[in-house]
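Engineer: Take a look at start38.cif, mmCIF, C-alpha atoms and all ligand atoms:
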data_run
loop_
_atom_site.group_PDB
_atom_site.id
_atom_site.type_symbol
_atom_site.label_atom_id
_atom_site.label_comp_id
_atom_site.auth_asym_id
_atom_site.auth_seq_id
_atom_site.Cartn_x
_atom_site.Cartn_y
_atom_site.Cartn_z
ATOM 1 C CA MET V 24 95.445 86.047 118.844
ATOM 2 C CA ILE V 25 98.989 85.054 118.117
ATOM 3 C CA SER V 26 100.077 87.823 115.833
ATOM 4 C CA THR V 27 100.462 91.155 117.528
ATOM 5 C CA PRO V 28 101.796 93.886 115.295
ATOM 6 C CA MET V 29 105.230 95.058 116.308
ATOM 7 C CA PRO V 30 105.019 98.383 118.147
ATOM 8 C CA TRP V 31 106.261 101.053 115.792
ATOM 9 C CA ILE V 32 108.884 102.215 118.231
ATOM 10 C CA ARG V 33 110.534 98.769 118.058
ATOM 11 C CA GLN V 34 110.391 98.897 114.294
ATOM 12 C CA LEU V 35 112.300 102.174 114.206
ATOM 13 C CA GLU V 36 115.106 101.069 116.520
ATOM 14 C CA GLN V 37 117.011 99.430 113.680
ATOM 15 C CA PHE V 38 117.623 102.816 112.046
ATOM 16 C CA VAL V 39 119.232 104.446 115.060
ATOM 17 C CA ALA V 40 122.706 103.895 116.510
ATOM 18 C CA PRO V 41 122.664 101.757 119.690
ATOM 19 C CA GLY V 42 124.344 104.513 121.700
ATOM 20 C CA SER V 43 121.664 107.003 120.762
ATOM 21 C CA LEU V 44 118.959 104.469 121.606
ATOM 22 C CA THR V 45 120.329 103.829 125.095
ATOM 23 C CA LYS V 46 121.021 107.449 125.939
ATOM 24 C CA GLY V 47 117.745 108.588 124.439
ATOM 25 C CA ARG V 48 115.821 106.048 126.452
ATOM 26 C CA ASN V 49 117.576 107.215 129.617
ATOM 27 C CA TYR V 50 116.718 110.815 128.815
ATOM 28 C CA PHE V 51 113.104 109.851 128.362
ATOM 29 C CA ARG V 52 112.962 107.843 131.573
ATOM 30 C CA SER V 53 114.546 110.609 133.602
ATOM 31 C CA GLY V 54 111.864 112.984 132.395
ATOM 32 C CA ALA V 55 114.121 115.156 130.244
ATOM 33 C CA VAL V 56 111.620 115.302 127.401
ATOM 34 C CA GLU V 57 108.957 117.950 127.281
ATOM 35 C CA ILE V 58 106.418 117.685 124.492
ATOM 36 C CA HIS V 59 105.081 121.057 123.430
ATOM 37 C CA LYS V 60 102.920 120.186 120.464
ATOM 38 C CA ALA V 61 101.723 116.771 119.458
ATOM 39 C CA SER V 62 99.298 115.241 117.032
ATOM 40 C CA ALA V 63 98.841 112.090 114.978
ATOM 41 C CA ASP V 64 101.541 113.153 112.566
ATOM 42 C CA ARG V 65 103.782 115.712 114.239
ATOM 43 C CA VAL V 66 105.543 116.248 117.549
ATOM 44 C CA GLU V 67 107.585 119.190 118.759
ATOM 45 C CA ALA V 68 109.563 118.645 121.918
ATOM 46 C CA THR V 69 112.527 119.894 123.898
ATOM 47 C CA VAL V 70 115.070 117.655 125.523
ATOM 48 C CA LYS V 71 117.224 118.795 128.392
ATOM 49 C CA GLY V 72 120.649 117.346 128.969
ATOM 50 C CA GLY V 73 123.822 119.341 128.693
ATOM 51 C CA GLY V 74 121.713 121.900 126.926
ATOM 52 C CA ARG V 75 118.207 122.319 125.723
ATOM 53 C CA TYR V 76 117.522 121.022 122.258
ATOM 54 C CA TRP V 77 114.493 121.298 120.049
ATOM 55 C CA VAL V 78 113.286 118.195 118.308
ATOM 56 C CA VAL V 79 110.674 118.031 115.577
ATOM 57 C CA LEU V 80 109.217 114.731 114.421
ATOM 58 C CA ASP V 81 107.161 114.941 111.260
ATOM 59 C CA LEU V 82 105.425 112.064 109.524
ATOM 60 C CA ASP V 83 105.491 111.658 105.778
ATOM 61 C CA VAL V 84 102.824 109.031 105.276
ATOM 62 C CA ASP V 85 103.460 108.655 101.533
ATOM 63 C CA LEU V 86 107.115 108.020 102.165
ATOM 64 C CA GLN V 87 106.327 105.926 105.254
ATOM 65 C CA ALA V 88 108.896 107.868 107.188
ATOM 66 C CA VAL V 89 109.377 109.822 110.351
ATOM 67 C CA VAL V 90 111.335 112.917 109.417
ATOM 68 C CA ALA V 91 113.278 114.033 112.468
ATOM 69 C CA SER V 92 115.334 117.092 113.235
ATOM 70 C CA CYS V 93 117.193 118.354 116.291
ATOM 71 C CA THR V 94 119.197 121.448 117.089
ATOM 72 C CA CYS V 95 122.232 119.639 118.546
ATOM 73 C CA PRO V 96 125.678 119.320 116.885
ATOM 74 C CA HIS V 97 125.458 115.541 116.592
ATOM 75 C CA TYR V 98 122.353 115.919 114.462
ATOM 76 C CA ASP V 99 124.094 118.555 112.369
ATOM 77 C CA ASP V 100 126.603 115.874 111.439
ATOM 78 C CA GLY V 101 123.750 113.882 109.928
ATOM 79 C CA ASN V 102 122.955 111.599 112.843
ATOM 80 C CA LEU V 103 119.718 110.495 114.413
ATOM 81 C CA CYS V 104 120.683 111.692 117.883
ATOM 82 C CA LYS V 105 119.642 110.660 121.369
ATOM 83 C CA HIS V 106 117.339 113.676 121.650
ATOM 84 C CA ILE V 107 115.371 112.469 118.658
ATOM 85 C CA TRP V 108 115.082 109.020 120.159
ATOM 86 C CA ALA V 109 114.109 110.381 123.566
ATOM 87 C CA SER V 110 111.342 112.394 121.911
ATOM 88 C CA LEU V 111 110.142 109.360 119.983
ATOM 89 C CA GLU V 112 109.915 107.339 123.184
ATOM 90 C CA ALA V 113 107.972 110.155 124.823
ATOM 91 C CA ALA V 114 105.634 110.449 121.840
ATOM 92 C CA GLU V 115 105.023 106.716 121.840
ATOM 93 C CA ALA V 116 104.347 106.707 125.579
ATOM 94 C CA GLU V 117 101.755 109.435 125.126
ATOM 95 C CA GLY V 118 100.156 107.702 122.168
ATOM 96 C CA GLN V 119 101.167 110.439 119.747
ATOM 97 C CA LEU V 120 102.258 109.976 116.144
ATOM 98 C CA SER V 121 99.534 107.375 115.812
ATOM 99 C CA GLN V 122 99.670 107.554 112.028
ATOM 100 C CA ILE V 123 102.899 105.559 112.134
ATOM 101 C CA ALA V 124 100.769 102.528 112.919
ATOM 102 C CA GLU V 125 99.251 102.845 109.439
ATOM 103 C CA MET V 126 102.635 102.426 107.787
ATOM 104 C CA ASP V 127 103.707 98.955 106.743
ATOM 105 C CA HIS V 128 107.422 99.683 106.786
ATOM 106 C CA ALA V 129 107.997 102.766 108.816
ATOM 107 C CA THR V 130 111.464 104.221 108.676
ATOM 108 C CA ILE V 131 113.111 107.220 110.267
ATOM 109 C CA LEU V 132 115.470 109.668 108.688
ATOM 110 C CA THR V 133 116.975 113.041 109.389
ATOM 111 C CA LYS V 134 115.506 116.060 107.732
ATOM 112 C CA ILE V 135 118.913 116.474 106.094
ATOM 113 C CA GLU V 136 118.531 113.144 104.291
ATOM 114 C CA TYR V 137 114.899 113.887 103.563
ATOM 115 C CA SER V 138 115.788 117.098 101.748
ATOM 116 C CA GLU V 139 118.444 115.337 99.699
ATOM 117 C CA ASP V 140 115.919 112.708 98.696
ATOM 118 C CA ASP V 141 113.622 115.409 97.476
ATOM 119 C CA ASP V 142 116.342 116.550 95.126
ATOM 120 C CA GLU V 143 116.579 113.049 93.766
ATOM 121 C CA PHE V 144 112.850 112.934 93.171
ATOM 122 C CA ASP V 145 113.091 116.150 91.208
ATOM 123 C CA GLN V 146 115.618 114.598 88.891
ATOM 124 C CA LEU V 147 114.295 111.104 88.442
ATOM 125 C CA GLY V 148 115.963 109.356 85.559
ATOM 126 C CA GLU V 149 118.518 112.007 84.810
ATOM 127 C CA LEU V 150 121.745 112.894 86.443
ATOM 128 C CA ASP V 151 122.208 116.433 87.468
ATOM 129 C CA GLU V 152 125.413 117.850 88.804
ATOM 130 C CA GLU V 153 123.729 120.411 91.003
ATOM 131 C CA ASP V 154 123.818 117.938 93.855
ATOM 132 C CA ASP V 155 127.552 118.486 94.092
ATOM 133 C CA ASP V 156 126.800 121.117 96.679
ATOM 134 C CA PHE V 157 126.332 118.295 99.106
ATOM 135 C CA GLY V 158 129.701 116.748 98.338
ATOM 136 C CA TYR V 159 128.227 113.291 98.287
ATOM 137 C CA ARG V 160 124.946 111.529 97.980
ATOM 138 C CA ARG V 161 123.517 109.520 100.746
ATOM 139 C CA HIS V 162 121.500 106.471 99.906
ATOM 140 C CA ARG V 163 119.160 104.923 102.311
ATOM 141 C CA THR V 164 119.029 101.180 102.390
ATOM 142 C CA SER V 165 115.328 101.001 102.946
ATOM 143 C CA THR V 166 112.932 100.931 100.057
ATOM 144 C CA HIS V 167 110.604 103.775 99.521
ATOM 145 C CA GLN V 168 108.030 104.780 97.025
ATOM 146 C CA HIS V 169 108.807 107.435 94.528
ATOM 147 C CA ARG V 170 106.356 110.183 95.047
ATOM 148 C CA GLY V 171 106.619 113.787 94.154
ATOM 149 C CA PRO V 172 107.856 116.212 96.747
ATOM 150 C CA GLN V 173 104.846 118.455 96.293
ATOM 151 C CA ASP V 174 103.071 117.316 99.422
ATOM 152 C CA ARG V 175 106.037 117.977 101.634
ATOM 153 C CA ARG V 176 105.102 119.821 104.771
ATOM 154 C CA LYS V 177 107.205 122.298 106.606
HETATM 155 ZN ZN ZN B 201 120.024 116.060 119.225
#
Let me see whether you can do it: turn the structure in this file into structure tokens.
Ligand SMILES: [Zn+2]

Structural biologist:
Amino acid sequence: MISTPMPWIRQLEQFVAPGSLTKGRNYFRSGAVEIHKASADRVEATVKGGGRYWVVLDLDVDLQAVVASCTCPHYDDGNLCKHIWASLEAAEAEGQLSQIAEMDHATILTKIEYSEDDDEFDQLGELDEEDDDFGYRRHRTSTHQHRGPQDRRK
């Protein structure tokens, strides 16, 4: 067989800043990640390093996305942080989040972006000024299907 599918973790690297990738990988390799709950579509982990941060990785199969959140300040600024990447590496190493393999074009986004996208879905085709609360709109470069937000999990 010549064609091996690209491991999903490699596919997601393009969405994360190189610095976060490197530091996250180091965190993972030094054993800083502790996975508390894991399944085919969700992982909850803590990452130690300067503090102890909670990371949640949630799959949205319809959207073909990993929705990630962390409790650190860097994430609060809207970034996919090193803790998120460290947790992804740990999940991949344990064979968790296996549903990602079913996605053709898996992407990863912060829960902050994910929530904003939901607002856009609610208002398809019409502009609504309510989004001004966010100050700006973020647009992802990746394509995604327009599905309703009704199957969003918490
Ligand atoms: Zn973080």

Engineer: Residues of chain V that have any atom at most 6 Å from an atom of ligand ZN 201 (chain B): could you tabulate them with the shortest-distance atom pair and the distance in Å to one decimal, using all atoms listed in the file, ordered by chain and increasing number, as CSV?

Structural biologist:
residue,atom,partner,partner_atom,distance
V:Cys93,CA,B:ZN201,ZN,4.7
V:Thr94,CA,B:ZN201,ZN,5.9
V:Cys95,CA,B:ZN201,ZN,4.3
V:Tyr98,CA,B:ZN201,ZN,5.3
V:Cys104,CA,B:ZN201,ZN,4.6
V:Lys105,CA,B:ZN201,ZN,5.8
V:His106,CA,B:ZN201,ZN,4.3
V:Ile107,CA,B:ZN201,ZN,5.9

Engineer: Given the PyMOL selection byres (((chain V and resi 33) around 12) and not hetatm) and the file above, list the residues it selects as an MDAnalysis selection string.

Structural biologist: chainID V and resid 28:32 34:39 44 108 111:112 115 123:124 128:131

Engineer: Between CA of Leu86 in chain V and CA of Ala116 in chain V, what is the distance, to one decimal in Å?

Structural biologist: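 Those two atoms sit 23.6 Å apart.
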
Engineer: Specify as a list in words each residue included when the PyMOL selection byres (((chain V and resi 71) around 9) and not hetatm) is applied to this file.

Structural biologist: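 Expected selection for the PyMOL selection byres (((chain V and resi 71) around 9) and not hetatm) here is Tyr50, Gly54, Ala55, Val56, Glu57, Thr69, Val70, Gly72, Gly73, Gly74, Arg75, Tyr76 and His106 of chain V.
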
Engineer: In Å to one decimal, how far is CA of Val84 in chain V from CA of Met126 in chain V?

Structural biologist: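 Going from CA of Met126 in chain V over to CA of Val84 in chain V, I get 7.1 Å.
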
Engineer: For His59 in chain V, which residue out of V:Glu139, V:Ala113, V:Leu132, V:Asn102 is the nearest one, using all atoms listed in the file?

Structural biologist: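 Closest to His59 in chain V of all the choices is V:Ala113.
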
Engineer: Work out how far CA of Ala109 in chain V is from CA of Asp127 in chain V, in Å to one decimal.

Structural biologist: 22.8 Å

Engineer: Please identify all polymer residues within 6 Å of Glu67 in chain V, counting only C-alpha atoms, omitting same-chain residues fewer than 3 positions from it, and present them as a VMD selection string.

Structural biologist: chain V and resid 59 to 60 78 to 79
